[in-house]
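Have a look at the structure below, then the notes.
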There are 2 protein chains.
Amino acid sequence: MTAKKHVYTFEKGDSRNKKLLGGKGAGLCEMTSIGLPVPPGFVITTEACLDYYEQDRKLPADLMEEVAKGMRYTEQKSGKGFGDVKNPLLVSVRSGAAISMPGMMDSILNLGLNDETVAALAKNTKNERFAYDSYRRFISMFCRIALGVPGEKFDRILEESREKAGVSYDSDLSVDVLKKIVSEYKEYCREATGSPFPAEPMKQLELAIEAVFRSWESPRCIAYRKEFNITKDVANGTAVNVVTMVFGNMGDDSATGVAFTRDPGTGENKFFGEYLTNAQGEDVVAGIRTPKTIDQMKKEMPAAYEELDRVRHLLENHYHEVQDFEFTIERGTLYMLQTRNGKMNAMAAVRTSVEMMAEGLIGKEKALLRVKPAELDQLMHRRLDPKAKITAVAEGIGASPGVAVGIVVFDADEAERLGRTGRRIILVREETKPEDVHGFFGAQGILTSRGGKTSHAAVVARGMGKPCVCGCENIKIDTEKRLMTIGEVTVKEGETITIEGGLGRVYLGEVPTLDPEFGSDLQNLLSWADEAKRLDVMANADTPEMASRSRRLGAQGIGLCRTERMFNLPERLPIVQAMILSETREERQHYLDELMPLQKKDFLEILRTMEGLPVTIRLLDPPLHEFLPSLEALLREVGSLTEIKDLLVARQKTIDEFDHILKHQLAYYASSFDVKEQKLDGVELDMIEELLQEKGKLLTKVRNLTEVNPMLGHRGVRVGLAYPEIYEMQIRAIYEATAELFKEGVKARPEIMVPQVCTAVELDFVRGLKDKICAEVEKKFGMQVKIKLGTMVEVVRACMRADRIAEIAEFFSFGTNDLTQATFSFSREDAENKFLPLYNKRGILQDNPFETIDVNGVGRLMKTAIEWGRRVRPELKVGICGEQGGDPRSIEFCHAADLNYVSCSPFRIPIARLAAAHAQIKDVKMPF
Amino acid sequence: MTAKKHVYTFEKGDSRNKKLLGGKGAGLCEMTSIGLPVPPGFVITTEACLDYYEQDRKLPADLMEEVAKGMRYTEQKSGKGFGDVKNPLLVSVRSGAAISMPGMMDSILNLGLNDETVAALAKNTKNERFAYDSYRRFISMFCRIALGVPGEKFDRILEESREKAGVSYDSDLSVDVLKKIVSEYKEYCREATGSPFPAEPMKQLELAIEAVFRSWESPRCIAYRKEFNITKDVANGTAVNVVTMVFGNMGDDSATGVAFTRDPGTGENKFFGEYLTNAQGEDVVAGIRTPKTIDQMKKEMPAAYEELDRVRHLLENHYHEVQDFEFTIERGTLYMLQTRNGKMNAMAAVRTSVEMMAEGLIGKEKALLRVKPAELDQLMHRRLDPKAKITAVAEGIGASPGVAVGIVVFDADEAERLGRTGRRIILVREETKPEDVHGFFGAQGILTSRGGKTSHAAVVARGMGKPCVCGCENIKIDTEKRLMTIGEVTVKEGETITIEGGLGRVYLGEVPTLDPEFGSDLQNLLSWADEAKRLDVMANADTPEMASRSRRLGAQGIGLCRTERMFNLPERLPIVQAMILSETREERQHYLDELMPLQKKDFLEILRTMEGLPVTIRLLDPPLHEFLPSLEALLREVGSLTEIKDLLVARQKTIDEFDHILKHQLAYYASSFDVKEQKLDGVELDMIEELLQEKGKLLTKVRNLTEVNPMLGHRGVRVGLAYPEIYEMQIRAIYEATAELFKEGVKARPEIMVPQVCTAVELDFVRGLKDKICAEVEKKFGMQVKIKLGTMVEVVRACMRADRIAEIAEFFSFGTNDLTQATFSFSREDAENKFLPLYNKRGILQDNPFETIDVNGVGRLMKTAIEWGRRVRPELKVGICGEQGGDPRSIEFCHAADLNYVSCSPFRIPIARLAAAHAQIKDVKMPF
């Protein structure tokens, strides 16, 4: 076996080799190499650690010889002697794997202390108390970590000493007491180990190195690696750093502190930091003394400040990144103990990127890459004022970020009505359904007690950019009494609450908030992103308001304009329901004729808003029963009505006896179905019978339309085929709106998208309708109107028939919500409540495939479909309009899979623009 | 334009060119070429017809010249003259496209008749009546078809003549009257057309040819081609056959008849046919005179018989197929008018195949190919006696073939109970659910008023091989009154009915039936199929009875042994429900321990029955809520109980007033939920409350388990992951059963199959359980127990991850029912009731993909999965166990896609064996 080199001094270590030197070791070497004042020391490599395990937990043969050489070098550099009784060298022995595992492995400070060197330390620091306190701490730390002595007894000795001395804090113990504690500690060490406490510094060092190696395989360390999926190719073994101890508590010319090269809160290019004079590092963290700002150092320790400021620039020039570093000043000499990239909030990240680029410190690509797309979310919504002293009364799932304040309202109609009067509303429901959507328009935010991140409430709220907290399970809603209880607290309808949809918190009353930050820095950065990216970024937007918001946020068009929400508007829903309940095609046509001008108006407005940009309009998609009340609600209603009717009949016989039962039933009915109380006085049998008849008809239709698996049911183009007149109405509305805009000189660019297609024949049928209507409209307006026809790809079979379908479709838009459901045979509603949590916990799925595209399964299917489709139509435009379209990792996949665009909800557009730029800059490739 | 040849004599036409000569023309040429006595004549090609249309409905320039040549040739061959007043040649002019379109196009008989030739005909036939009757018929036929004269007037003239003559039948009209009719017909013809009736035979011929060409584009013809999807590449234009008329009615030495070369009812190699002496072809069909059997001809017309028998052998030797032919004997001379392959029932097809092979007439491959696999179904079930005079009272969908007789029973419990006593039962339900399955065991057949061919009732009944009629919508079931009404008819529980599950018919009372035919011929044929085929044929079988039946029917193992039916047995279901309702793992384990010996017993029996053959056992698949009562039923039950409770409470106050309401409610409850009447007398509040509590608990669990899209829910391996103890119990039962059989020397060959897998990690988890249990059982029994592990492939993602999954799975079994649902995003239950019929009607889907594999979509996905899987594991065994596994066209695909086996319900095994042989012989290839 050739002897490997196991020890590198900070001068000699190759800072690029993190795997060999560990993260901390590489950092110390790097700082040393660029001339920063790092305390002298050396690194023992991770290979030494692996050898230790390979040789059955024995240190490699020559390791301690190499270490001794390293110590000699360190002595020389520091001018101190290891074990020297005049000027003793003390060191810290610190773990450090290739990636950070905070708090998992062991470190020992002040190694080298013994009865002789402690005296020298006391003398040199002129602080006997500090010296013996350090010694006491060292002994207990060393005994526990290096010798495996149980730690409780040390605590007990300390406690008893405090009691005897009659003091409450360790810091009040006298030097004599500390000395006594030291000797008791050593005595206990001998008892526990059978040997005296090792006084010889090199022996201490050897034992400490072994202890650090040992801690790599400690149970908690193993568990941590498993939990965070740290595999051997990422980090294998720990390095050991032996570093000269420096002391910031050697008088008023000493100090210790932490600093950022720029302000991490705002990103401003201004030195930012805190320090304490005559203090140790842990004092800064402990927060007992109030630290001073770095500005104060300018006056107080001008030389040190100057040196520190020089280091600050040196660091940024070297790392091209904001640094967060720790330093100690020992008797006027600055020592750098650590530096790392500074963590910043999104605003600061954006500002520093733009400014560092302007300063020439970084290029545009680096400027883009150092801002995480997902973090931009923080800038898109109002935020709680972090300075406010507030406590949440309930916590749910943060489903749509932002803060909303308003009065609690428990039903959608009321929310809509009050919302129109200008009141700020929070709509609170157990869960929401499509028929509640009009209530969303009136509300500032939505709070539900059931459902997850992808429940109806969450999806709709995110689409609208409204804050939403859902699945807030400790809220109990009593719609009858019009109140909710949260533990002991009761909130009545009309009372004000605040919800925060990022973390999913609920507050009583109105809580102070801050405006969103969306300044010129972000605009700048995003314009660079637009230059860099290959993917187009489009918006999912259904209304003129959403369209113009999307445009402001940089959308390059609308990738998904759903038409069903236009059907759901309160003034239209009754017409839609009448259309559905029609018995004949003629009757249906009558109601469609009423709807047509309304739809045309929608399209006119949206197309005008998006002038010059494509607007992909999806024909009606949901199953028709979604526009009708639920079967369960109707059954209950009919049941109640029937009971009331029976009771009314019987009442004729024994009026008095039945009256109280009737009253009860009527009250129940009223509360459940929102019949106004006052109406009940005059209730008559024939009125009830009339209601029953009407509801009965509705019930029959709903029963007919009810499906066992609605996800896989009669929807999308299947409805369009069954009732072609619905699609005809929509297509005509699109064509006429376009022609009218053309007349005005407005460049409208609609495209028609067909949902749920699974065979080319379906699409061909719609093309037939479209061609017919196109000819009619062109004739009517005397002009050419060209509109593209494309298809959603959300059915697996459409992927398998992509080549055939591409003969007709001019574009594909992957509906990855449905496609994911079908690919996994997961019903999202069922899976997210039932077994997806188990699947994530067990590591069967790393991510929620409804949030991030499942590249290996769904992605592979998409890739196949794209290949087959483009084989037939090389210019085929391909996009994605599922929720994953706004997810940065999914966008990377879309880039790699050679899509043309992603489409997402308006508020995710900045994120998508940045993510698309990242994908291009990183040149992300397909994994298969 | 070079003149094409448009006319071929029967001697010259190339009988292989059906497209040019039409089916009939080719047949006449072929018979002529092999020396059969065909009346002289010629064919005008389909190309002439196309030219006719191309030239704007004008006959091709030289056509009539060619026709005249053909006529001269015909005159020469027949020794008669066209228009000759002594020995006139009469011809028939018949249509004949490349494929048969019976009754769609026009033909004209006796062409060539006029006032002169009719006299000669009278003289030569010595039958003036026949001659003038023929003339009369010819005129009206010609006028209608060739001249477009409306036909009603001809009928009126005939009617008036009958009235005047005072006779009821045309056959009683005298020659004079017939002559008068002829002149009236001709007069009417002149009135209607403005010209005299064309007497010139060549003119008649020209007009007749044009008329036949014209009929190709008649509306009914166009509609027919559309209906049966006859495209231009299949048949384009009609040929015209001009054939010398021969007459079977020229005295007692003349005759006409039809015959088969073998008996088409039994397949026996025996001349089979019927004839009439001195008669025309239409007389045989009309059925006015009773025809004689061909045997009688032996004595009556021995020379003719001998000639006919010679023809019979000539035909079989030439066609190598049973022939069905028409003949006429004119004055002792035999003429062949037509021959075609004989249509036979399955039994005859099988017998003739086996016998023709034995006779050396055909080889084994031909013997196999000439029997259609699907037809074997006829041989697998009891049949109605075709001679019985019976009328169906209702008609539904034939969902599972065969005849069942029994008394009507409306619930599953009762069906099971009575079935055990030996009574024959027909279980009648609106529809069935998994909890009704125990009732199927007791029943002879199943009748439902709702659902289609793939409803629960249909699928389960087919699996059990029990006759089933479903979707019988005009049956109204009143479970309360224990009766059903079918129109005016009322059938009470306990009355006998008969159902026929092939055509979907329901009869009152017991109807005579015949045994299934499954003789040595079929056994022989299937043994040849086994030699020929490449695919293995396995059975879907869940019980020892089904296993042994499968083995008898030739299964090479069990491809799908479902374990959930074992959970559903009446004595086990309560344990299963208790297991599901358990709150803790311990409690669950307790019930699983009770189930374990029962499951082991099942496996012991099945494995023993299938000794030496593989048995693929699928671990539990359905969602747990399928073992509990339905939410709706429970809600109703709880609702009723609550009402009763409320009424009982109120009853304390006003006993008399409430009593009648209570009685009504109690009666309703009793009838709905089968509480025995007698118990009701002593009903007490606390009893009701106890029931309510119990049902309430159940309701909570059912609510928790209820899913929005159960198809995509918590099932299969997802349940196995959530409750590993269930799969552990099953795996242990399999291992222990195997070990016990090994001890006895029985070669058990179980394989374990995991359902609903969508990632390799799931399968790996089950492998972990299996390895652990294997080690334990091997230790306990002191022997090696090797059992293969494989997976269902029924989730799309499993196809996309086939390579990764094949690292673990030793076999794939495509669950094409679920895979089809997921690929189409069709919920079968919803689609088959709602939009699939529309899709079939509109031609969007040719087939029901749940019956026949959708090759282009699902098939392509399967092919991809197989390729990817075998790339990792070349020896990967691949099969199919969906219902399509028993469908002949799907089996062809499975062969082409290189599967190793198909698995289907026991009664389809013979079909599958034959279909697999067909696929191999035809060397079916993948379409992509």
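Chain labels follow the order of the structure tokens: the first chain is A, the next B, and so on; residue numbering restarts at 1 in every chain, and ligands are counted from 1 in their shown order.
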Within 7 Å of chain B, which residues of chain A are there when counting only C-alpha atoms? Please give them as a PDB file with N, CA and C atoms, in the first residue's frame.
```pdb
ATOM      1  N   GLU A 707     -71.535  10.606 -12.599  1.00  0.00           N
ATOM      2  CA  GLU A 707     -70.598   9.601 -13.079  1.00  0.00           C
ATOM      3  C   GLU A 707     -69.862   8.939 -11.921  1.00  0.00           C
ATOM      4  N   VAL A 708     -69.486   7.703 -12.137  1.00  0.00           N
ATOM      5  CA  VAL A 708     -68.754   6.971 -11.111  1.00  0.00           C
ATOM      6  C   VAL A 708     -67.339   7.542 -10.985  1.00  0.00           C
ATOM      7  N   ASN A 709     -66.725   7.840 -12.112  1.00  0.00           N
ATOM      8  CA  ASN A 709     -65.376   8.415 -12.120  1.00  0.00           C
ATOM      9  C   ASN A 709     -65.371   9.675 -12.984  1.00  0.00           C
ATOM     10  N   PRO A 710     -65.810  10.793 -12.409  1.00  0.00           N
ATOM     11  CA  PRO A 710     -65.966  11.997 -13.226  1.00  0.00           C
ATOM     12  C   PRO A 710     -64.686  12.400 -13.956  1.00  0.00           C
ATOM     13  N   MET A 711     -63.538  12.099 -13.356  1.00  0.00           N
ATOM     14  CA  MET A 711     -62.261  12.419 -13.979  1.00  0.00           C
ATOM     15  C   MET A 711     -62.162  11.800 -15.373  1.00  0.00           C
ATOM     16  N   LEU A 712     -62.791  10.640 -15.526  1.00  0.00           N
ATOM     17  CA  LEU A 712     -62.665   9.894 -16.769  1.00  0.00           C
ATOM     18  C   LEU A 712     -63.974   9.912 -17.548  1.00  0.00           C
ATOM     19  N   GLY A 713     -64.748  10.942 -17.368  1.00  0.00           N
ATOM     20  CA  GLY A 713     -66.121  10.875 -17.822  1.00  0.00           C
ATOM     21  C   GLY A 713     -66.428  11.640 -19.098  1.00  0.00           C
ATOM     22  N   HIS A 714     -67.665  12.076 -19.140  1.00  0.00           N
ATOM     23  CA  HIS A 714     -68.200  12.726 -20.331  1.00  0.00           C
ATOM     24  C   HIS A 714     -67.850  14.206 -20.261  1.00  0.00           C
ATOM     25  N   CYS A 758     -58.709  12.198 -27.667  1.00  0.00           N
ATOM     26  CA  CYS A 758     -57.974  10.933 -27.603  1.00  0.00           C
ATOM     27  C   CYS A 758     -57.852  10.247 -28.956  1.00  0.00           C
ATOM     28  N   VAL A 761     -59.921  11.489 -34.957  1.00  0.00           N
ATOM     29  CA  VAL A 761     -61.267  11.653 -35.524  1.00  0.00           C
ATOM     30  C   VAL A 761     -62.048  12.730 -34.778  1.00  0.00           C
ATOM     31  N   GLU A 762     -61.879  12.746 -33.453  1.00  0.00           N
ATOM     32  CA  GLU A 762     -62.553  13.787 -32.670  1.00  0.00           C
ATOM     33  C   GLU A 762     -62.125  15.175 -33.140  1.00  0.00           C
ATOM     34  N   VAL A 795     -54.735  13.278 -22.498  1.00  0.00           N
ATOM     35  CA  VAL A 795     -55.175  11.893 -22.459  1.00  0.00           C
ATOM     36  C   VAL A 795     -53.994  11.065 -22.981  1.00  0.00           C
ATOM     37  N   VAL A 796     -53.684   9.974 -22.312  1.00  0.00           N
ATOM     38  CA  VAL A 796     -52.506   9.188 -22.689  1.00  0.00           C
ATOM     39  C   VAL A 796     -52.596   8.749 -24.150  1.00  0.00           C
ATOM     40  N   ARG A 797     -53.802   8.397 -24.565  1.00  0.00           N
ATOM     41  CA  ARG A 797     -53.925   7.911 -25.929  1.00  0.00           C
ATOM     42  C   ARG A 797     -53.531   8.978 -26.952  1.00  0.00           C
ATOM     43  N   MET A 800     -50.011   8.567 -27.566  1.00  0.00           N
ATOM     44  CA  MET A 800     -49.716   7.392 -28.386  1.00  0.00           C
ATOM     45  C   MET A 800     -50.100   7.632 -29.852  1.00  0.00           C
ATOM     46  N   ARG A 801     -51.048   8.529 -30.085  1.00  0.00           N
ATOM     47  CA  ARG A 801     -51.494   8.817 -31.448  1.00  0.00           C
ATOM     48  C   ARG A 801     -50.998  10.183 -31.893  1.00  0.00           C
ATOM     49  N   ALA A 822     -53.812  10.444 -15.217  1.00  0.00           N
ATOM     50  CA  ALA A 822     -54.018   9.254 -16.041  1.00  0.00           C
ATOM     51  C   ALA A 822     -52.768   8.386 -16.070  1.00  0.00           C
ATOM     52  N   THR A 823     -51.612   9.009 -16.046  1.00  0.00           N
ATOM     53  CA  THR A 823     -50.376   8.239 -16.130  1.00  0.00           C
ATOM     54  C   THR A 823     -50.141   7.444 -14.848  1.00  0.00           C
ATOM     55  N   PHE A 824     -50.467   8.046 -13.732  1.00  0.00           N
ATOM     56  CA  PHE A 824     -50.281   7.366 -12.451  1.00  0.00           C
ATOM     57  C   PHE A 824     -51.509   6.544 -12.057  1.00  0.00           C
ATOM     58  N   SER A 825     -52.616   6.721 -12.766  1.00  0.00           N
ATOM     59  CA  SER A 825     -53.897   6.249 -12.240  1.00  0.00           C
ATOM     60  C   SER A 825     -54.097   6.745 -10.810  1.00  0.00           C
ATOM     61  N   PHE A 826     -53.756   7.997 -10.612  1.00  0.00           N
ATOM     62  CA  PHE A 826     -54.010   8.668  -9.328  1.00  0.00           C
ATOM     63  C   PHE A 826     -55.131   9.660  -9.566  1.00  0.00           C
ATOM     64  N   SER A 827     -56.186   9.581  -8.789  1.00  0.00           N
ATOM     65  CA  SER A 827     -57.123  10.679  -8.773  1.00  0.00           C
ATOM     66  C   SER A 827     -56.541  11.690  -7.807  1.00  0.00           C
ATOM     67  N   ASP A 830     -58.307  12.232  -4.550  1.00  0.00           N
ATOM     68  CA  ASP A 830     -58.209  11.100  -3.633  1.00  0.00           C
ATOM     69  C   ASP A 830     -56.778  10.913  -3.169  1.00  0.00           C
ATOM     70  N   ALA A 831     -55.834  10.982  -4.111  1.00  0.00           N
ATOM     71  CA  ALA A 831     -54.449  10.669  -3.787  1.00  0.00           C
ATOM     72  C   ALA A 831     -53.873  11.653  -2.788  1.00  0.00           C
ATOM     73  N   PHE A 835     -53.206   8.633  -0.120  1.00  0.00           N
ATOM     74  CA  PHE A 835     -51.934   7.913  -0.061  1.00  0.00           C
ATOM     75  C   PHE A 835     -50.706   8.668  -0.530  1.00  0.00           C
ATOM     76  N   ILE A 844     -41.268   6.813  -1.867  1.00  0.00           N
ATOM     77  CA  ILE A 844     -41.651   6.176  -3.129  1.00  0.00           C
ATOM     78  C   ILE A 844     -41.723   7.249  -4.216  1.00  0.00           C
ATOM     79  N   GLY A 857     -41.748   9.421 -15.729  1.00  0.00           N
ATOM     80  CA  GLY A 857     -42.961   8.775 -16.228  1.00  0.00           C
ATOM     81  C   GLY A 857     -43.696   9.687 -17.199  1.00  0.00           C
ATOM     82  N   ARG A 860     -41.425  11.234 -19.845  1.00  0.00           N
ATOM     83  CA  ARG A 860     -41.034  10.323 -20.922  1.00  0.00           C
ATOM     84  C   ARG A 860     -42.162  10.179 -21.936  1.00  0.00           C
ATOM     85  N   LEU A 861     -43.377  10.158 -21.423  1.00  0.00           N
ATOM     86  CA  LEU A 861     -44.551  10.080 -22.289  1.00  0.00           C
ATOM     87  C   LEU A 861     -44.648  11.340 -23.154  1.00  0.00           C
TER      88      LEU A 861
END
```
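Summary of the local environment: counting only C-alpha atoms, residues at most 6 Å from Phe811 of chain B, other than itself and those fewer than 5 positions away along its chain, are Gly790, Leu876, Lys877 and Val878 of chain B.
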Could the residues in this selection be written to a file with N, CA and C atoms, as a PDB file, in the first residue's frame?
```pdb
ATOM      1  N   GLY B 790     -43.900 -10.981 -10.014  1.00  0.00           N
ATOM      2  CA  GLY B 790     -44.141 -10.184 -11.222  1.00  0.00           C
ATOM      3  C   GLY B 790     -45.140  -9.095 -10.936  1.00  0.00           C
ATOM      4  N   LEU B 876     -37.856 -11.776 -20.012  1.00  0.00           N
ATOM      5  CA  LEU B 876     -39.088 -11.336 -19.341  1.00  0.00           C
ATOM      6  C   LEU B 876     -40.321 -12.027 -19.938  1.00  0.00           C
ATOM      7  N   LYS B 877     -41.108 -12.674 -19.058  1.00  0.00           N
ATOM      8  CA  LYS B 877     -42.345 -13.315 -19.517  1.00  0.00           C
ATOM      9  C   LYS B 877     -43.445 -12.263 -19.544  1.00  0.00           C
ATOM     10  N   VAL B 878     -44.189 -12.198 -20.648  1.00  0.00           N
ATOM     11  CA  VAL B 878     -45.208 -11.162 -20.775  1.00  0.00           C
ATOM     12  C   VAL B 878     -46.543 -11.783 -21.170  1.00  0.00           C
TER      13      VAL B 878
END
```
All strand (DSSP E or B) residues (DSSP, backbone) inside segment 54-152 of chain A, as a list in words:
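Taking segment 54-152 of chain A and keeping strand (DSSP E or B) only, one gets Gly81, Pro88, Val91, Ser92, Val93, Arg94, Ser95, Gly96, Ala97, Ser107, Ile108, Leu109, Asn110 and Leu111 of chain A.
If you measure from each of B:Gly639, B:Gly332, B:Pro906, B:Pro196 to Cys561 of chain B using only C-alpha atoms, the closest one turns out to be B:Pro906.
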Tell me, as a ChimeraX atom specification, which residues lie within 9 Å of Gly696 of chain A, counting only C-alpha atoms; anything in the same chain fewer than 4 positions away does not count.
/A:634,638,691-692,700-701
